[in-house]
Amino acid sequence: MILTDYFCSEKDITWEYAVQCGVRHGVIRLPETQDFDLADASCWRSLCGRFRKNGITPLVIEPLPNQLHDHIKSGDELRDQSIETFCKMLPLMREQGIGTVCFNFMAKIGWTRTRSDIRERGGAKVTGFRMADFVPGPEAIETEVLWENYRYFLKAVLPEAERWGIRLALHPDDPPITTLGNVHRIMVSLDHIQKAMEVVPSPMLGVTFCQATYHMMGEDVEQAARLLADKIFFIHFRNCRGTPWDFWETFHDNGELDMARLIALYAELGLDVPVRVDHVPQLAGETEGTAGYTALGRLYAIGYLKGLLEMYDCLSQK
């Protein structure tokens, strides 16, 4: 497995912390500004050059830029234009050595939490979701429309992804609940993920194995990993407690998943793919940052993941 971390496009303290922790590869979020042209090679060279200058080699794009993604998932009048721009991104990614893009099919409502101040160990703050607290908005989309939009997207982009050798890694819906108000969700079970892999079969179509989301689905995470092994292109390493309708994030060593066992399993399955920590606690003294992505909590999580990776490597060599 390849240890990575998640980086926004503008340099901040997390870039330095990660490199100081021994992270050398990045999962990067592209700029969401008018001066970054997704189809312009010079923009990509400048961005990736800045990462490399700071000791980080980009490997994964996450997410597929929302300025394209939202239209693609909803299937609106800008869908075809957005797909065309995405296809123009693929050779530019290849030029920069970036081989994977993490995408999802949560239309109208993305990954969702209802709280970001739940108290975890020692009073650290974590995010969580409680269906009883969710307030639906006016958005609406039906299951059949989502599947058709998903199929349309894959038919359009997979030939280009195959041409340029770019892997598309599907993230499940988070939370994995079939409806949020009038917004339907389709990537909510292992069966549906397996169906998604067969809609338009391709060696370039696989999954982002977000282990805690599979756990919240009620799936056996180990069994899911074994069934999807040849399709796992990227791993989100996080932990949680609860049910799909009432759950919260935890410290990586304090949830319901056996994290050491999962690292051993991924190694057993031969998964030589990028892995990153996800949804970390906000530690004492932190007041800034996006909930789940604050800097100090990532230090603990990266160290924990790195320790498990090195422990397994050591044991496997004996």
# chains A, B, ... in the order shown; residues from 1 in each chain; ligands from 1
$ residues_around --residues "segment 225-236 of chain A" --least-positions-apart "5" --cutoff "7 Å" --atoms "only C-alpha atoms" --output "PyMOL selection string"
chain A and resi 169+206-211+269+273-278
$ residues_around --residues "segment 198-205 of chain A" --least-positions-apart "5" --cutoff "8 Å" --atoms "only C-alpha atoms" --output "list in words"
Arg151, Leu154, Lys155, Leu158, Ala161, Glu162, Gly165, Ile166, Arg167, Leu168, Ala169, Leu170 and Lys231 of chain A
$ write_last_selection --atoms "all heavy atoms" --output "CSV table (one decimal), in the first residue's frame"
chain,number,residue,atom,x,y,z
A,151,ARG,N,-24.9,5.4,-15.9
A,151,ARG,CA,-24.6,4.6,-17.1
A,151,ARG,C,-24.2,5.6,-18.2
A,151,ARG,O,-23.2,5.3,-18.9
A,151,ARG,CB,-25.9,3.9,-17.5
A,151,ARG,CG,-25.7,3.0,-18.8
A,151,ARG,CD,-26.9,2.3,-19.2
A,151,ARG,NE,-27.3,1.3,-18.2
A,151,ARG,CZ,-28.3,1.4,-17.3
A,151,ARG,NH1,-29.1,2.6,-17.3
A,151,ARG,NH2,-28.6,0.5,-16.4
A,154,LEU,N,-20.5,6.7,-17.6
A,154,LEU,CA,-19.5,5.7,-17.9
A,154,LEU,C,-19.4,5.4,-19.3
A,154,LEU,O,-18.2,5.2,-19.8
A,154,LEU,CB,-19.9,4.4,-17.1
A,154,LEU,CG,-19.9,4.4,-15.6
A,154,LEU,CD1,-20.2,3.0,-15.1
A,154,LEU,CD2,-18.6,4.9,-15.1
A,155,LYS,N,-20.4,5.3,-20.1
A,155,LYS,CA,-20.4,5.0,-21.5
A,155,LYS,C,-19.6,6.1,-22.2
A,155,LYS,O,-18.8,5.9,-23.2
A,155,LYS,CB,-21.7,4.9,-22.1
A,155,LYS,CG,-22.5,3.6,-21.7
A,155,LYS,CD,-23.9,3.5,-22.4
A,155,LYS,CE,-23.8,3.3,-23.9
A,155,LYS,NZ,-25.1,3.1,-24.5
A,158,LEU,N,-15.4,6.0,-20.1
A,158,LEU,CA,-14.5,4.9,-20.0
A,158,LEU,C,-13.6,4.6,-21.2
A,158,LEU,O,-12.5,4.2,-21.0
A,158,LEU,CB,-15.3,3.6,-19.6
A,158,LEU,CG,-15.7,3.6,-18.1
A,158,LEU,CD1,-16.7,2.4,-17.8
A,158,LEU,CD2,-14.5,3.5,-17.2
A,161,ALA,N,-10.8,6.8,-20.6
A,161,ALA,CA,-10.1,6.4,-19.4
A,161,ALA,C,-9.2,5.2,-19.8
A,161,ALA,O,-8.0,5.1,-19.3
A,161,ALA,CB,-11.0,6.0,-18.3
A,162,GLU,N,-9.7,4.3,-20.6
A,162,GLU,CA,-8.9,3.2,-21.0
A,162,GLU,C,-7.8,3.6,-21.9
A,162,GLU,O,-6.7,3.1,-21.9
A,162,GLU,CB,-9.8,2.2,-21.7
A,162,GLU,CG,-10.8,1.5,-20.8
A,162,GLU,CD,-11.8,0.6,-21.5
A,162,GLU,OE1,-11.8,0.6,-22.8
A,162,GLU,OE2,-12.7,0.1,-20.9
A,165,GLY,N,-5.2,5.2,-19.5
A,165,GLY,CA,-4.8,4.4,-18.4
A,165,GLY,C,-5.2,5.1,-17.1
A,165,GLY,O,-4.4,5.0,-16.1
A,166,ILE,N,-6.3,5.8,-17.0
A,166,ILE,CA,-6.8,6.4,-15.8
A,166,ILE,C,-7.8,5.6,-15.1
A,166,ILE,O,-8.9,5.3,-15.7
A,166,ILE,CB,-7.3,7.8,-16.1
A,166,ILE,CG1,-6.2,8.7,-16.8
A,166,ILE,CG2,-7.7,8.5,-14.8
A,166,ILE,CD1,-5.0,8.9,-16.0
A,167,ARG,N,-7.6,5.3,-13.8
A,167,ARG,CA,-8.6,4.5,-13.1
A,167,ARG,C,-9.7,5.4,-12.4
A,167,ARG,O,-9.3,6.4,-11.8
A,167,ARG,CB,-7.9,3.7,-11.9
A,167,ARG,CG,-7.0,2.6,-12.4
A,167,ARG,CD,-6.3,2.0,-11.3
A,167,ARG,NE,-5.8,0.6,-11.6
A,167,ARG,CZ,-5.4,-0.2,-10.7
A,167,ARG,NH1,-5.2,0.2,-9.4
A,167,ARG,NH2,-5.0,-1.5,-11.0
A,168,LEU,N,-10.9,5.0,-12.6
A,168,LEU,CA,-12.1,5.7,-11.9
A,168,LEU,C,-12.5,4.9,-10.7
A,168,LEU,O,-12.9,3.7,-10.8
A,168,LEU,CB,-13.2,5.8,-12.9
A,168,LEU,CG,-13.2,7.0,-13.9
A,168,LEU,CD1,-12.0,7.0,-14.8
A,168,LEU,CD2,-14.5,7.0,-14.7
A,169,ALA,N,-12.3,5.5,-9.5
A,169,ALA,CA,-12.6,4.8,-8.3
A,169,ALA,C,-13.8,5.3,-7.6
A,169,ALA,O,-13.9,6.4,-7.0
A,169,ALA,CB,-11.4,4.9,-7.3
A,170,LEU,N,-14.9,4.5,-7.6
A,170,LEU,CA,-16.2,4.9,-7.1
A,170,LEU,C,-16.3,4.8,-5.6
A,170,LEU,O,-16.1,3.8,-5.0
A,170,LEU,CB,-17.3,4.0,-7.8
A,170,LEU,CG,-18.7,4.2,-7.3
A,170,LEU,CD1,-19.3,5.5,-7.6
A,170,LEU,CD2,-19.6,3.1,-7.8
A,231,LYS,N,-11.0,-4.8,-7.8
A,231,LYS,CA,-11.5,-3.5,-8.2
A,231,LYS,C,-11.2,-2.4,-7.2
A,231,LYS,O,-11.6,-1.3,-7.3
A,231,LYS,CB,-13.1,-3.6,-8.3
A,231,LYS,CG,-13.5,-4.4,-9.5
A,231,LYS,CD,-13.2,-3.6,-10.8
A,231,LYS,CE,-13.8,-4.3,-12.0
A,231,LYS,NZ,-13.5,-3.5,-13.2
$ atom_distance --atom1 "atom CA of Leu90 of chain A" --atom2 "atom CA of Ser46 of chain A"
16.5 Å
$ atom_distance --atom1 "atom CA of Tyr152 of chain A" --atom2 "atom CA of Ile61 of chain A"
21.4 Å
$ residues_around --residues "Ser189 of chain A" --least-positions-apart "4" --cutoff "9 Å" --atoms "only C-alpha atoms" --output "count of residues only"
9
$ closest_atom_pairs --of "segment 170-224 of chain A" --to "segment 250-262 of chain A" --cutoff "8 Å" --atoms "only C-alpha atoms" --output "JSON lines"
{"residue": "A:Ala212", "atom": "CA", "partner": "A:Leu257", "partner_atom": "CA", "distance": 7.7}
{"residue": "A:His215", "atom": "CA", "partner": "A:Leu257", "partner_atom": "CA", "distance": 7.9}
{"residue": "A:Glu222", "atom": "CA", "partner": "A:Leu262", "partner_atom": "CA", "distance": 7.3}
$ residues_around --residues "Asp76 of chain A" --least-positions-apart "4" --cutoff "12 Å" --atoms "only C-alpha atoms" --output "PyMOL selection string"
chain A and resi 68-72+80-83+107-108+141+145-146+149
$ closest_atom_pairs --of "segment 258-310 of chain A" --to "segment 112-116 of chain A" --cutoff "10 Å" --atoms "only C-alpha atoms" --output "CSV"
residue,atom,partner,partner_atom,distance
A:Pro281,CA,A:Ser116,CA,9.4
A:Gln282,CA,A:Ser116,CA,9.1
A:Thr290,CA,A:Ser116,CA,9.6
A:Ala291,CA,A:Ser116,CA,6.1
A:Gly292,CA,A:Ser116,CA,7.9
$ write_last_selection --atoms "N, CA, C and O atoms" --output "JSON list (two decimals), in the first residue's frame"
[["chain", "number", "residue", "atom", "x", "y", "z"],
["A", 281, "PRO", "N", -10.56, 13.31, 14.27],
["A", 281, "PRO", "CA", -11.09, 14.16, 15.35],
["A", 281, "PRO", "C", -10.42, 15.53, 15.35],
["A", 281, "PRO", "O", -9.29, 15.71, 14.91],
["A", 282, "GLN", "N", -11.15, 16.52, 15.88],
["A", 282, "GLN", "CA", -10.59, 17.84, 16.15],
["A", 282, "GLN", "C", -10.04, 17.83, 17.57],
["A", 282, "GLN", "O", -10.78, 17.62, 18.53],
["A", 290, "THR", "N", -11.81, 22.47, 8.29],
["A", 290, "THR", "CA", -13.04, 21.76, 7.98],
["A", 290, "THR", "C", -13.21, 20.58, 8.92],
["A", 290, "THR", "O", -12.27, 19.82, 9.15],
["A", 291, "ALA", "N", -14.41, 20.42, 9.48],
["A", 291, "ALA", "CA", -14.67, 19.32, 10.41],
["A", 291, "ALA", "C", -14.32, 17.99, 9.74],
["A", 291, "ALA", "O", -14.72, 17.72, 8.62],
["A", 292, "GLY", "N", -13.54, 17.18, 10.46],
["A", 292, "GLY", "CA", -13.09, 15.91, 9.92],
["A", 292, "GLY", "C", -11.76, 15.98, 9.22],
["A", 292, "GLY", "O", -11.16, 14.94, 8.90]]
$ select_by_dssp --residues "segment 107-195 of chain A" --states "helix (DSSP H, G or I)" --output "VMD selection string"
chain A and resid 121 to 123 131 to 133 143 to 164 190 to 195
$ select_by_dssp --residues "segment 67-309 of chain A" --states "strand (DSSP E or B)" --output "ChimeraX atom specification"
/A:100-104,115-119,125-130,140-141,167-171,179-180,182-184,205-210,232-237,240-243,246-249,274-277,282
$ residues_around --residues "Leu299 of chain A" --least-positions-apart "4" --cutoff "8 Å" --atoms "only C-alpha atoms" --output "list in words"
Tyr17, Ala18, Cys21, Ala295 and Gly303 of chain A
$ residues_around --residues "Trp111 of chain A" --least-positions-apart "2" --cutoff "7 Å" --atoms "only C-alpha atoms" --output "PyMOL selection string"
chain A and resi 109+173-175
$ write_last_selection --atoms "N, CA, C and O atoms" --output "tab-separated table (two decimals), in the first residue's frame"
chain	number	residue	atom	x	y	z
A	109	ILE	N	-27.06	15.99	-2.98
A	109	ILE	CA	-26.54	16.06	-1.61
A	109	ILE	C	-25.30	15.20	-1.53
A	109	ILE	O	-25.35	14.00	-1.81
A	173	ASP	N	-22.03	5.89	-1.24
A	173	ASP	CA	-22.79	7.00	-0.66
A	173	ASP	C	-22.60	7.05	0.85
A	173	ASP	O	-22.60	6.00	1.52
A	174	ASP	N	-22.45	8.25	1.37
A	174	ASP	CA	-22.14	8.44	2.78
A	174	ASP	C	-23.01	9.56	3.34
A	174	ASP	O	-22.82	10.72	2.95
A	175	PRO	N	-23.97	9.24	4.22
A	175	PRO	CA	-24.27	7.92	4.77
A	175	PRO	C	-24.96	7.02	3.73
A	175	PRO	O	-25.63	7.52	2.82
$ closest_residue --among "A:Met89, A:Lys195, A:Cys102, A:Thr57" --to "Cys43 of chain A" --atoms "only C-alpha atoms"
A:Met89
$ residues_around --residues "Asn54 of chain A" --least-positions-apart "4" --cutoff "10 Å" --atoms "only C-alpha atoms" --output "list in words"
Lys11, Trp15, Glu16, Val19, Arg24, Cys48, Gly49 and Arg50 of chain A
$ atom_distance --atom1 "atom CA of Gly22 of chain A" --atom2 "atom CA of Tyr300 of chain A"
12.9 Å
$ closest_residue --among "A:Ala140, A:Met106, A:Leu271, A:Ala132" --to "Arg185 of chain A" --atoms "only C-alpha atoms"
A:Met106
$ closest_residue --among "A:Leu38, A:Val280, A:Leu180, A:Ala224" --to "Leu64 of chain A" --atoms "only C-alpha atoms"
A:Leu38
$ closest_residue --among "A:Val126, A:Val60, A:Ala284, A:Ile263" --to "Leu305 of chain A" --atoms "only C-alpha atoms"
A:Ile263
